[in-house]
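Here's protein-v1.cif, which has mmCIF, N, CA and C atoms:
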```cif
data_entry
#
loop_
_atom_site.label_atom_id
_atom_site.label_comp_id
_atom_site.auth_asym_id
_atom_site.auth_seq_id
_atom_site.Cartn_x
_atom_site.Cartn_y
_atom_site.Cartn_z
N MET J 885 -10.96 -45.00 76.42
CA MET J 885 -10.67 -45.98 77.46
C MET J 885 -9.66 -47.00 76.91
N PRO J 886 -8.62 -47.30 77.68
CA PRO J 886 -7.63 -48.28 77.23
C PRO J 886 -8.22 -49.68 77.09
N GLU J 887 -7.60 -50.46 76.23
CA GLU J 887 -7.95 -51.88 76.12
C GLU J 887 -7.68 -52.53 77.47
N ARG J 888 -8.50 -53.51 77.84
CA ARG J 888 -8.34 -54.24 79.10
C ARG J 888 -7.99 -55.69 78.80
N ILE J 889 -6.95 -56.18 79.46
CA ILE J 889 -6.53 -57.57 79.30
C ILE J 889 -6.36 -58.16 80.70
N PRO J 890 -7.04 -59.27 80.99
CA PRO J 890 -6.85 -59.92 82.29
C PRO J 890 -5.40 -60.41 82.43
N ARG J 891 -4.82 -60.27 83.61
CA ARG J 891 -3.42 -60.66 83.81
C ARG J 891 -3.19 -62.15 83.60
N GLU J 892 -4.24 -62.97 83.69
CA GLU J 892 -4.10 -64.41 83.47
C GLU J 892 -4.06 -64.77 81.98
N SER J 893 -4.38 -63.82 81.11
CA SER J 893 -4.46 -64.07 79.67
C SER J 893 -3.07 -64.03 79.03
N LYS J 894 -2.85 -64.94 78.09
CA LYS J 894 -1.63 -64.96 77.29
C LYS J 894 -2.07 -64.69 75.86
N GLU J 895 -1.71 -63.51 75.34
CA GLU J 895 -2.17 -63.11 74.00
C GLU J 895 -1.24 -62.09 73.39
N TYR J 896 -1.44 -61.85 72.08
CA TYR J 896 -0.63 -60.86 71.39
C TYR J 896 -1.13 -59.46 71.67
N LEU J 897 -0.19 -58.55 71.91
CA LEU J 897 -0.47 -57.14 72.04
C LEU J 897 0.08 -56.48 70.79
N ALA J 898 -0.77 -55.75 70.07
CA ALA J 898 -0.41 -55.19 68.77
C ALA J 898 -0.36 -53.66 68.80
N VAL J 899 0.51 -53.10 67.96
CA VAL J 899 0.63 -51.66 67.77
C VAL J 899 0.67 -51.40 66.27
N ALA J 900 -0.19 -50.48 65.80
CA ALA J 900 -0.20 -50.11 64.39
C ALA J 900 1.08 -49.33 64.07
N VAL J 901 1.66 -49.64 62.90
CA VAL J 901 2.89 -48.98 62.46
C VAL J 901 2.69 -48.49 61.03
N GLU J 902 2.87 -47.19 60.82
CA GLU J 902 2.75 -46.59 59.49
C GLU J 902 4.07 -46.70 58.75
N GLY J 903 4.01 -46.98 57.45
CA GLY J 903 5.22 -47.05 56.63
C GLY J 903 4.94 -47.74 55.33
N ASP J 904 5.95 -47.80 54.47
CA ASP J 904 5.74 -48.45 53.18
C ASP J 904 5.86 -49.96 53.30
N GLN J 905 5.62 -50.65 52.20
CA GLN J 905 5.58 -52.12 52.20
C GLN J 905 6.88 -52.76 52.65
N SER J 906 8.02 -52.12 52.39
CA SER J 906 9.31 -52.72 52.76
C SER J 906 9.55 -52.67 54.28
N LEU J 907 8.69 -51.98 54.99
CA LEU J 907 8.82 -51.88 56.45
C LEU J 907 8.90 -53.26 57.10
N THR J 908 8.10 -54.18 56.65
CA THR J 908 8.05 -55.50 57.28
C THR J 908 9.27 -56.37 56.98
N ASP J 909 10.18 -55.87 56.14
CA ASP J 909 11.44 -56.57 55.91
C ASP J 909 12.48 -56.22 56.97
N LEU J 910 12.17 -55.22 57.80
CA LEU J 910 13.11 -54.74 58.81
C LEU J 910 12.87 -55.42 60.15
N PRO J 911 13.91 -55.54 60.98
CA PRO J 911 13.74 -56.10 62.31
C PRO J 911 12.84 -55.20 63.16
N VAL J 912 11.99 -55.83 63.97
CA VAL J 912 11.09 -55.09 64.86
C VAL J 912 11.19 -55.68 66.26
N GLN J 913 11.20 -54.79 67.25
CA GLN J 913 11.27 -55.20 68.65
C GLN J 913 10.24 -54.40 69.44
N MET J 914 9.88 -54.92 70.61
CA MET J 914 8.92 -54.22 71.45
C MET J 914 9.32 -54.31 72.92
N GLN J 915 8.77 -53.38 73.70
CA GLN J 915 8.80 -53.39 75.15
C GLN J 915 7.39 -53.07 75.62
N VAL J 916 7.00 -53.60 76.76
CA VAL J 916 5.72 -53.29 77.37
C VAL J 916 6.05 -52.83 78.79
N LEU J 917 5.84 -51.53 79.04
CA LEU J 917 6.31 -50.92 80.28
C LEU J 917 5.20 -50.23 81.04
N PRO J 918 5.35 -50.11 82.35
CA PRO J 918 4.35 -49.37 83.12
C PRO J 918 4.21 -47.94 82.59
N TYR J 919 3.00 -47.42 82.66
CA TYR J 919 2.72 -46.06 82.20
C TYR J 919 3.72 -45.08 82.84
N GLY J 920 4.33 -44.23 82.02
CA GLY J 920 5.28 -43.24 82.51
C GLY J 920 6.73 -43.67 82.47
N VAL J 921 7.00 -44.95 82.21
CA VAL J 921 8.37 -45.46 82.13
C VAL J 921 8.78 -45.50 80.66
N ARG J 922 9.95 -44.93 80.38
CA ARG J 922 10.48 -44.89 79.01
C ARG J 922 11.31 -46.15 78.72
N PRO J 923 11.39 -46.55 77.44
CA PRO J 923 12.17 -47.74 77.09
C PRO J 923 13.66 -47.59 77.40
N ALA J 924 14.27 -48.69 77.83
CA ALA J 924 15.71 -48.75 78.07
C ALA J 924 16.33 -49.64 77.00
N GLU J 925 17.56 -49.41 76.71
CA GLU J 925 18.23 -50.15 75.64
C GLU J 925 18.21 -51.66 75.86
N ASP J 926 18.30 -52.10 77.10
CA ASP J 926 18.40 -53.55 77.37
C ASP J 926 17.04 -54.23 77.53
N GLY J 927 15.94 -53.53 77.32
CA GLY J 927 14.63 -54.13 77.54
C GLY J 927 13.90 -54.60 76.30
N TRP J 928 14.49 -54.44 75.13
CA TRP J 928 13.80 -54.79 73.88
C TRP J 928 13.76 -56.30 73.67
N ALA J 929 12.63 -56.78 73.14
CA ALA J 929 12.47 -58.20 72.79
C ALA J 929 11.99 -58.27 71.35
N ASP J 930 12.43 -59.28 70.63
CA ASP J 930 12.01 -59.45 69.23
C ASP J 930 10.50 -59.60 69.14
N ALA J 931 9.92 -58.90 68.17
CA ALA J 931 8.48 -58.94 67.94
C ALA J 931 8.23 -59.46 66.52
N ASP J 932 6.97 -59.55 66.15
CA ASP J 932 6.58 -60.05 64.83
C ASP J 932 5.79 -58.98 64.09
N TRP J 933 5.84 -59.05 62.76
CA TRP J 933 5.00 -58.23 61.90
C TRP J 933 3.74 -59.01 61.55
N ASP J 934 2.64 -58.28 61.35
CA ASP J 934 1.38 -58.88 60.92
C ASP J 934 0.53 -57.77 60.31
N THR J 935 -0.67 -58.11 59.90
CA THR J 935 -1.63 -57.11 59.43
C THR J 935 -2.96 -57.34 60.12
N ASP J 936 -3.71 -56.25 60.29
CA ASP J 936 -5.04 -56.31 60.88
C ASP J 936 -5.92 -55.36 60.08
N ASP J 937 -6.87 -55.90 59.33
CA ASP J 937 -7.73 -55.09 58.45
C ASP J 937 -6.91 -54.21 57.52
N GLY J 938 -5.83 -54.75 56.97
CA GLY J 938 -5.00 -54.02 56.02
C GLY J 938 -3.97 -53.11 56.66
N GLN J 939 -3.99 -52.96 57.97
CA GLN J 939 -3.04 -52.11 58.69
C GLN J 939 -1.85 -52.95 59.14
N THR J 940 -0.64 -52.45 58.90
CA THR J 940 0.56 -53.14 59.37
C THR J 940 0.67 -52.97 60.88
N ILE J 941 0.92 -54.07 61.57
CA ILE J 941 1.07 -54.03 63.03
C ILE J 941 2.33 -54.78 63.44
N ALA J 942 2.91 -54.32 64.55
CA ALA J 942 3.93 -55.08 65.25
C ALA J 942 3.22 -55.71 66.43
N LYS J 943 3.59 -56.94 66.77
CA LYS J 943 2.91 -57.61 67.87
C LYS J 943 3.89 -58.45 68.66
N ILE J 944 3.56 -58.61 69.95
CA ILE J 944 4.38 -59.43 70.84
C ILE J 944 3.45 -60.15 71.82
N LEU J 945 3.84 -61.34 72.18
CA LEU J 945 3.06 -62.14 73.12
C LEU J 945 3.32 -61.64 74.54
N ILE J 946 2.23 -61.38 75.28
CA ILE J 946 2.34 -60.98 76.68
C ILE J 946 1.54 -61.95 77.54
N GLY J 947 1.87 -61.99 78.81
CA GLY J 947 1.13 -62.84 79.74
C GLY J 947 2.02 -63.87 80.40
N PRO J 948 1.40 -64.79 81.14
CA PRO J 948 2.15 -65.79 81.90
C PRO J 948 3.13 -66.58 81.03
N GLY J 949 4.37 -66.67 81.51
CA GLY J 949 5.39 -67.45 80.82
C GLY J 949 6.05 -66.76 79.65
N THR J 950 5.75 -65.47 79.41
CA THR J 950 6.37 -64.74 78.31
C THR J 950 7.41 -63.76 78.84
N THR J 951 8.12 -63.12 77.93
CA THR J 951 9.08 -62.08 78.32
C THR J 951 8.39 -60.97 79.10
N PHE J 952 7.14 -60.68 78.73
CA PHE J 952 6.36 -59.64 79.40
C PHE J 952 5.23 -60.28 80.20
N ASP J 953 5.62 -60.96 81.28
CA ASP J 953 4.67 -61.58 82.20
C ASP J 953 4.28 -60.53 83.23
N LEU J 954 3.08 -59.99 83.10
CA LEU J 954 2.64 -58.87 83.93
C LEU J 954 1.67 -59.32 85.03
N THR J 955 1.63 -60.62 85.32
CA THR J 955 0.66 -61.15 86.28
C THR J 955 0.86 -60.61 87.69
N ALA J 956 2.09 -60.31 88.08
CA ALA J 956 2.35 -59.86 89.44
C ALA J 956 2.17 -58.35 89.63
N ALA J 957 1.99 -57.64 88.54
CA ALA J 957 1.92 -56.17 88.65
C ALA J 957 0.86 -55.60 87.72
N PRO J 958 -0.42 -55.83 87.99
CA PRO J 958 -1.45 -55.26 87.15
C PRO J 958 -1.38 -53.73 87.18
N GLY J 959 -1.87 -53.10 86.13
CA GLY J 959 -1.85 -51.65 86.03
C GLY J 959 -1.93 -51.23 84.59
N THR J 960 -1.62 -49.97 84.32
CA THR J 960 -1.65 -49.44 82.95
C THR J 960 -0.25 -49.52 82.36
N TYR J 961 -0.18 -50.09 81.17
CA TYR J 961 1.09 -50.29 80.48
C TYR J 961 1.05 -49.63 79.10
N ILE J 962 2.24 -49.29 78.60
CA ILE J 962 2.39 -48.73 77.26
C ILE J 962 3.27 -49.68 76.45
N PRO J 963 2.78 -50.12 75.27
CA PRO J 963 3.65 -50.89 74.39
C PRO J 963 4.50 -49.93 73.55
N TRP J 964 5.75 -50.25 73.40
CA TRP J 964 6.69 -49.48 72.59
C TRP J 964 7.22 -50.37 71.47
N VAL J 965 7.38 -49.80 70.28
CA VAL J 965 7.87 -50.53 69.11
C VAL J 965 9.14 -49.84 68.62
N ARG J 966 10.14 -50.64 68.26
CA ARG J 966 11.37 -50.11 67.67
C ARG J 966 11.64 -50.86 66.37
N VAL J 967 11.80 -50.09 65.30
CA VAL J 967 12.09 -50.64 63.99
C VAL J 967 13.53 -50.25 63.66
N THR J 968 14.35 -51.25 63.30
CA THR J 968 15.75 -50.98 63.02
C THR J 968 15.98 -50.93 61.51
N ALA J 969 16.26 -49.73 61.02
CA ALA J 969 16.61 -49.51 59.61
C ALA J 969 18.09 -49.15 59.56
N SER J 970 18.63 -48.97 58.36
CA SER J 970 20.05 -48.71 58.23
C SER J 970 20.45 -47.34 58.79
N GLN J 971 19.66 -46.32 58.53
CA GLN J 971 19.99 -44.96 58.96
C GLN J 971 19.15 -44.50 60.15
N GLU J 972 17.95 -45.03 60.29
CA GLU J 972 17.03 -44.57 61.31
C GLU J 972 16.61 -45.73 62.22
N THR J 973 16.23 -45.39 63.42
CA THR J 973 15.68 -46.37 64.35
C THR J 973 14.48 -45.72 65.05
N PRO J 974 13.33 -45.68 64.33
CA PRO J 974 12.17 -45.05 64.95
C PRO J 974 11.63 -45.86 66.12
N VAL J 975 11.19 -45.14 67.16
CA VAL J 975 10.54 -45.74 68.32
C VAL J 975 9.12 -45.19 68.35
N ILE J 976 8.15 -46.07 68.44
CA ILE J 976 6.73 -45.71 68.37
C ILE J 976 6.06 -46.07 69.68
N GLU J 977 5.35 -45.11 70.24
CA GLU J 977 4.60 -45.33 71.47
C GLU J 977 3.19 -45.79 71.11
N GLY J 978 2.78 -46.94 71.64
CA GLY J 978 1.44 -47.47 71.38
C GLY J 978 0.41 -46.92 72.34
N GLN J 979 -0.80 -47.39 72.19
CA GLN J 979 -1.90 -46.97 73.06
C GLN J 979 -1.83 -47.70 74.41
N PRO J 980 -2.24 -47.03 75.49
CA PRO J 980 -2.22 -47.69 76.80
C PRO J 980 -3.10 -48.93 76.83
N VAL J 981 -2.70 -49.88 77.65
CA VAL J 981 -3.47 -51.10 77.89
C VAL J 981 -3.54 -51.32 79.40
N ASP J 982 -4.72 -51.65 79.88
CA ASP J 982 -4.88 -51.94 81.30
C ASP J 982 -4.78 -53.44 81.52
N ILE J 983 -3.83 -53.86 82.33
CA ILE J 983 -3.71 -55.25 82.73
C ILE J 983 -4.44 -55.34 84.07
N THR J 984 -5.51 -56.13 84.10
CA THR J 984 -6.37 -56.19 85.29
C THR J 984 -6.13 -57.43 86.13
#
```
Translate the structure of the given file into structure tokens.
Amino acid sequence: MPERIPRESKEYLAVAVEGDQSLTDLPVQMQVLPYGVRPAEDGWADADWDTDDGQTIAKILIGPGTTFDLTAAPGTYIPWVRVTASQETPVIEGQPVDIT
């Protein structure tokens, strides 16, 4: 079952990212899109690195007043992460989240 977040809530949405320690030195961006919609080049927003129980995560603030204000369109969303390295630009699909 997907995580559930009330649309009135303003909080960080996190996605686990596998990689070595230098990963967090690279720029990270995220998009939060309706289920079934793929990321577009112009939709990325700067995200932050953090850890949760020793796991590296990318996170972005969602909710009222943020870049990803989903209050008007509740539903199932997918967080996407993009890490920009010199040769590669991996895009990672996160777990679905239900905005209620």
Identify, with DSSP run on backbone atoms, the residues in chain J assigned to strand (DSSP E or B), and express the list as an MDAnalysis selection string.
chainID J and resid 887:889 895:900 912:918 929:930 932:936 939:946 952 959:967 975:977 981:983
Export, as a compact mmCIF listing (two decimals), keeping the file's coordinate frame, the selected residues with N, CA and C atoms.
```txt
# COMPACT_ATOMS: atom_id res chain seq x y z
N GLU J 887 -7.60 -50.46 76.23
CA GLU J 887 -7.95 -51.88 76.12
C GLU J 887 -7.68 -52.53 77.47
N ARG J 888 -8.50 -53.51 77.84
CA ARG J 888 -8.34 -54.24 79.10
C ARG J 888 -7.99 -55.69 78.80
N ILE J 889 -6.95 -56.18 79.46
CA ILE J 889 -6.53 -57.57 79.30
C ILE J 889 -6.36 -58.16 80.70
N GLU J 895 -1.71 -63.51 75.34
CA GLU J 895 -2.17 -63.11 74.00
C GLU J 895 -1.24 -62.09 73.39
N TYR J 896 -1.44 -61.85 72.08
CA TYR J 896 -0.63 -60.86 71.39
C TYR J 896 -1.13 -59.46 71.67
N LEU J 897 -0.19 -58.55 71.91
CA LEU J 897 -0.47 -57.14 72.04
C LEU J 897 0.08 -56.48 70.79
N ALA J 898 -0.77 -55.75 70.07
CA ALA J 898 -0.41 -55.19 68.77
C ALA J 898 -0.36 -53.66 68.80
N VAL J 899 0.51 -53.10 67.96
CA VAL J 899 0.63 -51.66 67.77
C VAL J 899 0.67 -51.40 66.27
N ALA J 900 -0.19 -50.48 65.80
CA ALA J 900 -0.20 -50.11 64.39
C ALA J 900 1.08 -49.33 64.07
N VAL J 912 11.99 -55.83 63.97
CA VAL J 912 11.09 -55.09 64.86
C VAL J 912 11.19 -55.68 66.26
N GLN J 913 11.20 -54.79 67.25
CA GLN J 913 11.27 -55.20 68.65
C GLN J 913 10.24 -54.40 69.44
N MET J 914 9.88 -54.92 70.61
CA MET J 914 8.92 -54.22 71.45
C MET J 914 9.32 -54.31 72.92
N GLN J 915 8.77 -53.38 73.70
CA GLN J 915 8.80 -53.39 75.15
C GLN J 915 7.39 -53.07 75.62
N VAL J 916 7.00 -53.60 76.76
CA VAL J 916 5.72 -53.29 77.37
C VAL J 916 6.05 -52.83 78.79
N LEU J 917 5.84 -51.53 79.04
CA LEU J 917 6.31 -50.92 80.28
C LEU J 917 5.20 -50.23 81.04
N PRO J 918 5.35 -50.11 82.35
CA PRO J 918 4.35 -49.37 83.12
C PRO J 918 4.21 -47.94 82.59
N ALA J 929 12.63 -56.78 73.14
CA ALA J 929 12.47 -58.20 72.79
C ALA J 929 11.99 -58.27 71.35
N ASP J 930 12.43 -59.28 70.63
CA ASP J 930 12.01 -59.45 69.23
C ASP J 930 10.50 -59.60 69.14
N ASP J 932 6.97 -59.55 66.15
CA ASP J 932 6.58 -60.05 64.83
C ASP J 932 5.79 -58.98 64.09
N TRP J 933 5.84 -59.05 62.76
CA TRP J 933 5.00 -58.23 61.90
C TRP J 933 3.74 -59.01 61.55
N ASP J 934 2.64 -58.28 61.35
CA ASP J 934 1.38 -58.88 60.92
C ASP J 934 0.53 -57.77 60.31
N THR J 935 -0.67 -58.11 59.90
CA THR J 935 -1.63 -57.11 59.43
C THR J 935 -2.96 -57.34 60.12
N ASP J 936 -3.71 -56.25 60.29
CA ASP J 936 -5.04 -56.31 60.88
C ASP J 936 -5.92 -55.36 60.08
N GLN J 939 -3.99 -52.96 57.97
CA GLN J 939 -3.04 -52.11 58.69
C GLN J 939 -1.85 -52.95 59.14
N THR J 940 -0.64 -52.45 58.90
CA THR J 940 0.56 -53.14 59.37
C THR J 940 0.67 -52.97 60.88
N ILE J 941 0.92 -54.07 61.57
CA ILE J 941 1.07 -54.03 63.03
C ILE J 941 2.33 -54.78 63.44
N ALA J 942 2.91 -54.32 64.55
CA ALA J 942 3.93 -55.08 65.25
C ALA J 942 3.22 -55.71 66.43
N LYS J 943 3.59 -56.94 66.77
CA LYS J 943 2.91 -57.61 67.87
C LYS J 943 3.89 -58.45 68.66
N ILE J 944 3.56 -58.61 69.95
CA ILE J 944 4.38 -59.43 70.84
C ILE J 944 3.45 -60.15 71.82
N LEU J 945 3.84 -61.34 72.18
CA LEU J 945 3.06 -62.14 73.12
C LEU J 945 3.32 -61.64 74.54
N ILE J 946 2.23 -61.38 75.28
CA ILE J 946 2.34 -60.98 76.68
C ILE J 946 1.54 -61.95 77.54
N PHE J 952 7.14 -60.68 78.73
CA PHE J 952 6.36 -59.64 79.40
C PHE J 952 5.23 -60.28 80.20
N GLY J 959 -1.87 -53.10 86.13
CA GLY J 959 -1.85 -51.65 86.03
C GLY J 959 -1.93 -51.23 84.59
N THR J 960 -1.62 -49.97 84.32
CA THR J 960 -1.65 -49.44 82.95
C THR J 960 -0.25 -49.52 82.36
N TYR J 961 -0.18 -50.09 81.17
CA TYR J 961 1.09 -50.29 80.48
C TYR J 961 1.05 -49.63 79.10
N ILE J 962 2.24 -49.29 78.60
CA ILE J 962 2.39 -48.73 77.26
C ILE J 962 3.27 -49.68 76.45
N PRO J 963 2.78 -50.12 75.27
CA PRO J 963 3.65 -50.89 74.39
C PRO J 963 4.50 -49.93 73.55
N TRP J 964 5.75 -50.25 73.40
CA TRP J 964 6.69 -49.48 72.59
C TRP J 964 7.22 -50.37 71.47
N VAL J 965 7.38 -49.80 70.28
CA VAL J 965 7.87 -50.53 69.11
C VAL J 965 9.14 -49.84 68.62
N ARG J 966 10.14 -50.64 68.26
CA ARG J 966 11.37 -50.11 67.67
C ARG J 966 11.64 -50.86 66.37
N VAL J 967 11.80 -50.09 65.30
CA VAL J 967 12.09 -50.64 63.99
C VAL J 967 13.53 -50.25 63.66
N VAL J 975 11.19 -45.14 67.16
CA VAL J 975 10.54 -45.74 68.32
C VAL J 975 9.12 -45.19 68.35
N ILE J 976 8.15 -46.07 68.44
CA ILE J 976 6.73 -45.71 68.37
C ILE J 976 6.06 -46.07 69.68
N GLU J 977 5.35 -45.11 70.24
CA GLU J 977 4.60 -45.33 71.47
C GLU J 977 3.19 -45.79 71.11
N VAL J 981 -2.70 -49.88 77.65
CA VAL J 981 -3.47 -51.10 77.89
C VAL J 981 -3.54 -51.32 79.40
N ASP J 982 -4.72 -51.65 79.88
CA ASP J 982 -4.88 -51.94 81.30
C ASP J 982 -4.78 -53.44 81.52
N ILE J 983 -3.83 -53.86 82.33
CA ILE J 983 -3.71 -55.25 82.73
C ILE J 983 -4.44 -55.34 84.07
```
Distance of CA of Pro886 in chain J from CA of Gly938 in chain J, expressed in Å to one decimal place
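Straight-line distance from CA of Gly938 in chain J to CA of Pro886 in chain J works out to 22.1 Å.
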Do a neighbour search on Glu902 in chain J at 6.5 Å with only N, CA and C atoms, toss out local chain neighbours closer than 2 positions, and write the hits as a count of residues only.
3
Grab the atom C of Asp930 in chain J to atom N of Pro948 in chain J distance for me, in Å with one decimal place.
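Atom C of Asp930 in chain J sits 15.9 Å away from atom N of Pro948 in chain J.
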Run through the PyMOL selection byres (((chain J and resi 944 and name CA) around 8) and name CA) on the given coordinates and return the selected residues as a VMD selection string.
chain J and resid 896 to 898 914 930 to 932 942 to 943 945 to 946
Can range 972-984 of chain J be brought up to N, CA, C and O atoms and written out as a PDB file, in the frame of the given file?
```
ATOM      1  N   GLU J 972      17.950 -45.030  60.290  1.00  0.00           N
ATOM      2  CA  GLU J 972      17.030 -44.570  61.310  1.00  0.00           C
ATOM      3  C   GLU J 972      16.610 -45.730  62.220  1.00  0.00           C
ATOM      4  O   GLU J 972      16.620 -46.881  61.797  1.00  0.00           O
ATOM      5  N   THR J 973      16.230 -45.390  63.420  1.00  0.00           N
ATOM      6  CA  THR J 973      15.680 -46.370  64.350  1.00  0.00           C
ATOM      7  C   THR J 973      14.480 -45.720  65.050  1.00  0.00           C
ATOM      8  O   THR J 973      14.582 -45.248  66.182  1.00  0.00           O
ATOM      9  N   PRO J 974      13.330 -45.680  64.330  1.00  0.00           N
ATOM     10  CA  PRO J 974      12.170 -45.050  64.950  1.00  0.00           C
ATOM     11  C   PRO J 974      11.630 -45.860  66.120  1.00  0.00           C
ATOM     12  O   PRO J 974      11.636 -47.092  66.094  1.00  0.00           O
ATOM     13  N   VAL J 975      11.190 -45.140  67.160  1.00  0.00           N
ATOM     14  CA  VAL J 975      10.540 -45.740  68.320  1.00  0.00           C
ATOM     15  C   VAL J 975       9.120 -45.190  68.350  1.00  0.00           C
ATOM     16  O   VAL J 975       8.921 -43.973  68.284  1.00  0.00           O
ATOM     17  N   ILE J 976       8.150 -46.070  68.440  1.00  0.00           N
ATOM     18  CA  ILE J 976       6.730 -45.710  68.370  1.00  0.00           C
ATOM     19  C   ILE J 976       6.060 -46.070  69.680  1.00  0.00           C
ATOM     20  O   ILE J 976       6.187 -47.196  70.167  1.00  0.00           O
ATOM     21  N   GLU J 977       5.350 -45.110  70.240  1.00  0.00           N
ATOM     22  CA  GLU J 977       4.600 -45.330  71.470  1.00  0.00           C
ATOM     23  C   GLU J 977       3.190 -45.790  71.110  1.00  0.00           C
ATOM     24  O   GLU J 977       2.482 -45.132  70.349  1.00  0.00           O
ATOM     25  N   GLY J 978       2.780 -46.940  71.640  1.00  0.00           N
ATOM     26  CA  GLY J 978       1.440 -47.470  71.380  1.00  0.00           C
ATOM     27  C   GLY J 978       0.410 -46.920  72.340  1.00  0.00           C
ATOM     28  O   GLY J 978       0.716 -46.086  73.202  1.00  0.00           O
ATOM     29  N   GLN J 979      -0.800 -47.390  72.190  1.00  0.00           N
ATOM     30  CA  GLN J 979      -1.900 -46.970  73.060  1.00  0.00           C
ATOM     31  C   GLN J 979      -1.830 -47.700  74.410  1.00  0.00           C
ATOM     32  O   GLN J 979      -1.436 -48.864  74.457  1.00  0.00           O
ATOM     33  N   PRO J 980      -2.240 -47.030  75.490  1.00  0.00           N
ATOM     34  CA  PRO J 980      -2.220 -47.690  76.800  1.00  0.00           C
ATOM     35  C   PRO J 980      -3.100 -48.930  76.830  1.00  0.00           C
ATOM     36  O   PRO J 980      -4.103 -49.019  76.119  1.00  0.00           O
ATOM     37  N   VAL J 981      -2.700 -49.880  77.650  1.00  0.00           N
ATOM     38  CA  VAL J 981      -3.470 -51.100  77.890  1.00  0.00           C
ATOM     39  C   VAL J 981      -3.540 -51.320  79.400  1.00  0.00           C
ATOM     40  O   VAL J 981      -2.536 -51.139  80.089  1.00  0.00           O
ATOM     41  N   ASP J 982      -4.720 -51.650  79.880  1.00  0.00           N
ATOM     42  CA  ASP J 982      -4.880 -51.940  81.300  1.00  0.00           C
ATOM     43  C   ASP J 982      -4.780 -53.440  81.520  1.00  0.00           C
ATOM     44  O   ASP J 982      -5.556 -54.216  80.947  1.00  0.00           O
ATOM     45  N   ILE J 983      -3.830 -53.860  82.330  1.00  0.00           N
ATOM     46  CA  ILE J 983      -3.710 -55.250  82.730  1.00  0.00           C
ATOM     47  C   ILE J 983      -4.440 -55.340  84.070  1.00  0.00           C
ATOM     48  O   ILE J 983      -4.069 -54.673  85.038  1.00  0.00           O
ATOM     49  N   THR J 984      -5.510 -56.130  84.100  1.00  0.00           N
ATOM     50  CA  THR J 984      -6.370 -56.190  85.290  1.00  0.00           C
ATOM     51  C   THR J 984      -6.130 -57.430  86.130  1.00  0.00           C
ATOM     52  O   THR J 984      -5.527 -58.368  85.689  1.00  0.00           O
TER      53      THR J 984
END
```
